Each structure stands twice: as structure tokens, then as C-alpha cells.
Amino acid sequence: MNRKAAIISIRGSKLTASEIKLLKKEKPWGIILFKRNIITFKQTKNLTQKIRSCMKDPFYPILIDEEGGKVSRLSELFSTKEFSQYFFGLLYEKNNKNGKLIYKYYLETICNILNDLGININTIPVMDLLQNSTHQVIKSRAYSYQTKTIKTLGKFCISFLKKKKIASVSKHAPGHGCSNSDSHLNLPIVYKKKSKLYKEDFSLFKNLSSNFMMTAHILYKNIDSKNLATFSNNIINQIIRKKLNFKGILISDDISMKALSKNLSINADKALNAGCNLVLYCGGNITESSKLLKNLRTIDEFTRKKTYQFYNFLR
């Protein structure tokens with residue numbers, strides 16, 4: 001499997017000739033879809049089929065960020081505006097049994113639709129811990145202020161998606177809830193004590209069985225004062241891999257976010273050098289995608305092996 005170590009995005013509701021050429025030539029590891037790519041059921045199915053046809057791969061990874069609530073890429077097809085993770089967290093805390101049952105019905109509906117559309121990875125659950133300081137960018141996207149609720153619903157989500165042959169991406173490791181700023185716009189800096197981070201935020205990512213996990217673009221000042229998590233060899237290898245025991249494929253958050261530099265290739269190299277297995281680019285700009293992929297390394301042996309395991313999981 002000779003794939004470039006990136007997940008890229010496309011501009012519109014169908015592949016352009018330039019995008020087809022790029023996919024065939026540079027072979028990115030996967031593609032992530034956004035609202036701009038999804039208009040109707042038929043059109044989306046045609047799109048995913050076309051992508052897989054270009055890659056000559058029936059299991060080619062196609063992702064979506066369908067959290068529900070304010071992060072819904074399927075909103076042109078149907079509305080999940082009311083169904084944020086926080087909504088299900090509150091339901092669960094009011095009545096554990098009924099809350100979990102209602103969440104199961106919701107997840108089943110989403111998984112059935114994704115299976116029908118030809119999407120095999122959803123970037124959920126958000127495992128961030130809500131706090132008084134949590135920025136609005138995360139607020140309703142996280143389950144709760146209570147670690148027990150997050151662990152229970154997060155692990156349930158991962159397990160249920162597996163049953164439905166949809167891979168999960170736990171995020172944003174090792175924890176975005178402690179940040180009071182938005183990494184889409186600037187670099188969040190967290191001064192929380194190391195011991196509290198381990199006990200609270202980081203603990204929620206421990207021993208998760210997700211096929212994938214996504215890093216946070218956050219500078220944890222008391223752990224690595226120079227490198228944000230996505231670029232930190234210490235945080236990725238000593239914390240995410242060793243202490244939190246993550247054994248799957250690690251994906252960077254979007255390398256075009258303003259928490260990082262403007263140079264996508266430099267961002268990609270830093271993330272991969274630090275220990276990310278794949279980088280994510282969400283801009284959909286064909287020129288930027290071409291520049292990024294042209295000089296990007298291919299996936300390493302670990303990622304290749306895990307990708308084949310993912311394919312076996314889909315069978």
C-alpha cells in the first residue's frame with residue numbers, strides 16, 4: 001500500500017478533473033467530506049463511489065465529521081441540530097438507562113446513513129472534559145462536566161460504531177476542554193498543572209479502543225513549553241502512546257488551522273516527525289493539496305499494518 005500520509009478534502013459535490021488526476025497520481029491515505037460536498041443522498045453516494053473507483057479500492061477511507069449539534073455535515077440531508085453530544089450527556093445524567101438507549105437509537109440512525117452513503121469513518125466521539133474555562137468552540141460538542149459520563153458514553157459510542165462497521169476517531173487528544181481559546185483562530189495555551197491534566201483531561205483518553213485518534217493543537221505549557229501537542233514528540237510518544245495506551249492510527253487535527261503556521265508542508269513534517277501517523281487538511285484547495293502531497297512522505301509500516309487491520313474490520 002503506497003499511500004501518502006495525509007487525509008485531504010475536495011472542493012465541491014463532485015470530483016473535478018484536477019482532483020481525479022491528483023488522487024490517482026499522489027494517492028492520499030483518505031478523504032474527508034464536509035457540508036460543501038453533500039447535497040443529496042444520490043449525489044453523495046455517487047461521489048464516494050467515484051472516489052473509490054479512482055483509487056481502485058473498495059475500502060478506501062472516506063471520513064466525515066458528523067458530531068450532531070453545531071457540527072453536522074449532513075444537514076442538507078436531515079437535521080441533527082438538536083442532537084449534540086452535550087444533549088446526550090444531559091439525558092444520560094438524568095436517567096442512565098433511558099439516556100443510553102436513546103443515544104443508541106441516534107447512533108444507529110447515523111451509522112445506517114453513513115453505511116448507505118459509503119462513508120466508513122466518523123470523527124467522533126469528542127472526549128474533551130467540559131470546564132468553566134472551556135471555549136465555546138467545544139462547549140456543546142462535549143458530553144459533560146463529569147468524567148464518568150464522558151467515559152461511559154464515549155466508550156459506548158466507539159463500541160457501537162464498531163458493531164456497525166464505522167470506525168471512530170476519538171478527539172482531541174490529550175484534551176481540548178481545558179482551553180479557553182479556539183485553535184481554528186489562534187494557538188491555545190494551557191497553564192493547568194501537569195498532575196491535574198493527567199487526573200482530569202488526559203485520563204478520558206486512556207485505554208480507548210478507537211481505530212483512530214485526533215490530536216489537539218494546544219500548547220500545554222507545563223508539559224512541553226515549546227511544542228503544541230500535534231508537534232510534540234513528548235506528548236505523542238510518552239503521553240498518548242505510553243500513558244494513555246493508544247495503539248491505533250494517530251491523525252493530526254487540520255493542519256490549515258491558525259494555531260499553526262501558514263505553511264502546510266512544514267506543519268505536516270512537524271506533525272509526522274513528532275509521531276502523528278497521518279495529517280489532516282480540510283481546506284479543499286486543489287493547489288494547496290497538490291503542494292502538500294507532492295513532497296509528503298508515504299505512510300510508515302505501522303500505519304500500513306493498521307490500515308490493513310482497518311480493512312479487515314470493514315469486511
# chains A, B, ... in the order shown; residues from 1 in each chain; ligands from 1
$ residues_around --residues "segment 85-92 of chain A" --least-positions-apart "6" --cutoff "6 Å" --atoms "only C-alpha atoms" --output "MDAnalysis selection string"
chainID A and resid 99:100 140:144
$ write_last_selection --atoms "C-alpha atoms" --output "tab-separated table (two decimals), in the first residue's frame"
chain	number	residue	atom	x	y	z
A	99	GLY	CA	-30.35	8.18	28.13
A	100	LYS	CA	-28.06	5.45	26.84
A	140	SER	CA	-21.92	21.62	23.25
A	141	ARG	CA	-19.66	19.23	21.37
A	142	ALA	CA	-18.52	17.50	24.57
A	143	TYR	CA	-20.67	15.19	26.66
A	144	SER	CA	-20.33	16.61	30.14
$ closest_atom_pairs --of "segment 165-270 of chain A" --to "segment 4-9 of chain A" --cutoff "10 Å" --atoms "only C-alpha atoms" --output "JSON lines"
{"residue": "A:Ile251", "atom": "CA", "partner": "A:Ala6", "partner_atom": "CA", "distance": 8.7}
{"residue": "A:Ser252", "atom": "CA", "partner": "A:Ala6", "partner_atom": "CA", "distance": 9.4}
{"residue": "A:Asp254", "atom": "CA", "partner": "A:Ile7", "partner_atom": "CA", "distance": 9.4}
{"residue": "A:Ala268", "atom": "CA", "partner": "A:Ala6", "partner_atom": "CA", "distance": 8.5}
$ closest_residue --among "A:Lys25, A:Tyr311, A:Tyr60, A:Ser72" --to "Ile38 of chain A" --atoms "only C-alpha atoms"
A:Ser72
$ atom_distance --atom1 "atom CA of Asn122 of chain A" --atom2 "atom CA of Glu301 of chain A"
23.7 Å
$ residues_around --residues "Leu197 of chain A" --least-positions-apart "4" --cutoff "9 Å" --atoms "only C-alpha atoms" --output "number ranges by chain"
A: 174-175, 178, 192-193, 201-203
$ write_last_selection --atoms "N, CA and C atoms" --output "PDB file, in the first residue's frame"
ATOM      1  N   PRO A 174      -4.464  15.257  23.830  1.00  0.00           N
ATOM      2  CA  PRO A 174      -4.955  14.605  25.050  1.00  0.00           C
ATOM      3  C   PRO A 174      -5.995  15.414  25.837  1.00  0.00           C
ATOM      4  N   GLY A 175      -6.672  16.374  25.195  1.00  0.00           N
ATOM      5  CA  GLY A 175      -7.760  17.099  25.866  1.00  0.00           C
ATOM      6  C   GLY A 175      -7.831  18.564  25.474  1.00  0.00           C
ATOM      7  N   CYS A 178      -9.749  21.967  28.449  1.00  0.00           N
ATOM      8  CA  CYS A 178      -9.037  22.861  29.370  1.00  0.00           C
ATOM      9  C   CYS A 178      -8.627  24.170  28.713  1.00  0.00           C
ATOM     10  N   LYS A 192      -2.593  24.774  33.051  1.00  0.00           N
ATOM     11  CA  LYS A 192      -3.078  23.847  34.072  1.00  0.00           C
ATOM     12  C   LYS A 192      -1.937  22.945  34.540  1.00  0.00           C
ATOM     13  N   LYS A 193      -1.923  22.642  35.821  1.00  0.00           N
ATOM     14  CA  LYS A 193      -0.852  21.812  36.378  1.00  0.00           C
ATOM     15  C   LYS A 193      -0.857  20.417  35.755  1.00  0.00           C
ATOM     16  N   ASP A 201      -8.348  15.830  32.388  1.00  0.00           N
ATOM     17  CA  ASP A 201      -8.467  15.843  30.920  1.00  0.00           C
ATOM     18  C   ASP A 201      -7.867  14.610  30.245  1.00  0.00           C
ATOM     19  N   PHE A 202      -6.608  14.321  30.557  1.00  0.00           N
ATOM     20  CA  PHE A 202      -5.906  13.259  29.845  1.00  0.00           C
ATOM     21  C   PHE A 202      -6.492  11.881  30.135  1.00  0.00           C
ATOM     22  N   SER A 203      -6.982  11.689  31.339  1.00  0.00           N
ATOM     23  CA  SER A 203      -7.468  10.363  31.761  1.00  0.00           C
ATOM     24  C   SER A 203      -8.621   9.865  30.891  1.00  0.00           C
TER      25      SER A 203
END
$ residues_around --residues "segment 62-69 of chain A" --least-positions-apart "3" --cutoff "8 Å" --atoms "only C-alpha atoms" --output "PDB file with C-alpha atoms, in the first residue's frame"
ATOM      1  CA  GLY A  30      -8.023   9.140   2.724  1.00  0.00           C
ATOM      2  CA  ILE A  31     -10.559  11.875   2.003  1.00  0.00           C
ATOM      3  CA  ILE A  32     -12.769  13.752   4.464  1.00  0.00           C
ATOM      4  CA  LEU A  33     -16.141  15.117   3.359  1.00  0.00           C
ATOM      5  CA  PHE A  34     -17.764  18.354   4.520  1.00  0.00           C
ATOM      6  CA  THR A  48     -17.996   8.163  -2.644  1.00  0.00           C
ATOM      7  CA  SER A  72     -23.217  18.442  11.245  1.00  0.00           C
ATOM      8  CA  ARG A  73     -22.012  17.850   7.707  1.00  0.00           C
ATOM      9  CA  LEU A  74     -25.221  16.004   6.774  1.00  0.00           C
ATOM     10  CA  THR A  80     -29.226  16.776  13.770  1.00  0.00           C
ATOM     11  CA  LYS A  81     -29.011  20.308  15.186  1.00  0.00           C
ATOM     12  CA  GLU A  82     -30.662  19.343  18.494  1.00  0.00           C
ATOM     13  CA  PHE A  83     -28.584  16.198  18.993  1.00  0.00           C
ATOM     14  CA  SER A  84     -25.217  17.375  20.282  1.00  0.00           C
ATOM     15  CA  GLN A  85     -23.037  15.206  22.494  1.00  0.00           C
ATOM     16  CA  GLY A 118     -20.322   4.883   1.550  1.00  0.00           C
ATOM     17  CA  ILE A 119     -18.633   6.682   4.462  1.00  0.00           C
ATOM     18  CA  ASN A 120     -16.628   4.394   6.752  1.00  0.00           C
ATOM     19  CA  ILE A 121     -15.068   6.693   9.368  1.00  0.00           C
ATOM     20  CA  ASN A 122     -16.773   9.254  11.623  1.00  0.00           C
ATOM     21  CA  THR A 123     -14.643  11.628  13.695  1.00  0.00           C
ATOM     22  CA  ILE A 124     -16.469  11.014  16.971  1.00  0.00           C
ATOM     23  CA  PRO A 125     -16.558  10.868  19.959  1.00  0.00           C
ATOM     24  CA  SER A 140     -21.916  21.625  23.249  1.00  0.00           C
ATOM     25  CA  ARG A 141     -19.657  19.233  21.373  1.00  0.00           C
TER      26      ARG A 141
END
$ select_by_dssp --residues "segment 100-177 of chain A" --states "strand (DSSP E or B)" --output "VMD selection string"
chain A and resid 121 to 122 126 167 to 173
$ write_last_selection --atoms "C-alpha atoms" --output "PDB file, in the first residue's frame"
ATOM      1  CA  ILE A 121     -15.068   6.693   9.368  1.00  0.00           C
ATOM      2  CA  ASN A 122     -16.773   9.254  11.623  1.00  0.00           C
ATOM      3  CA  VAL A 126     -15.333  14.181  21.386  1.00  0.00           C
ATOM      4  CA  ALA A 167     -14.541   3.433  12.556  1.00  0.00           C
ATOM      5  CA  SER A 168     -14.324   6.135  15.228  1.00  0.00           C
ATOM      6  CA  VAL A 169     -11.831   8.948  15.750  1.00  0.00           C
ATOM      7  CA  SER A 170     -11.566   9.966  19.418  1.00  0.00           C
ATOM      8  CA  LYS A 171     -10.647  13.626  19.812  1.00  0.00           C
ATOM      9  CA  HIS A 172      -8.997  15.985  20.718  1.00  0.00           C
ATOM     10  CA  ALA A 173      -6.132  14.166  22.433  1.00  0.00           C
TER      11      ALA A 173
END
$ select_by_dssp --residues "segment 28-223 of chain A" --states "helix (DSSP H, G or I)" --output "number ranges by chain"
A: 35-37, 41-55, 85-94, 96-117, 139-141, 147-163, 194-199, 202-205
$ closest_residue --among "A:Phe313, A:Tyr103, A:Tyr220, A:Phe212" --to "Asn277 of chain A" --atoms "only C-alpha atoms"
A:Phe212
$ closest_residue --among "A:Gln146, A:Asn312, A:Asn186, A:Asn245" --to "Lys206 of chain A" --atoms "only C-alpha atoms"
A:Asn245
$ atom_distance --atom1 "atom CA of Leu204 of chain A" --atom2 "atom CA of Ala271 of chain A"
22.4 Å
$ closest_residue --among "A:Leu117, A:Leu130, A:Phe59, A:Thr109" --to "Lys45 of chain A" --atoms "only C-alpha atoms"
A:Leu117
$ closest_residue --among "A:Gly154, A:Pro28, A:Gly12, A:Pro61" --to "Ile166 of chain A" --atoms "only C-alpha atoms"
A:Pro61
$ closest_residue --among "A:Ser195, A:Thr215, A:Asn285, A:Asn207" --to "Lys243 of chain A" --atoms "only C-alpha atoms"
A:Asn207
$ residues_around --residues "Phe231 of chain A" --least-positions-apart "6" --cutoff "10 Å" --atoms "only C-alpha atoms" --output "list in words"
Thr215, Ala216, His217, Ile218, Leu219, Asp224, Ser252, Leu260, Asn267, Ala268, Asp269, Lys270, Ala271, Leu272, Asn273, Ala274, Gly275 and Cys276 of chain A
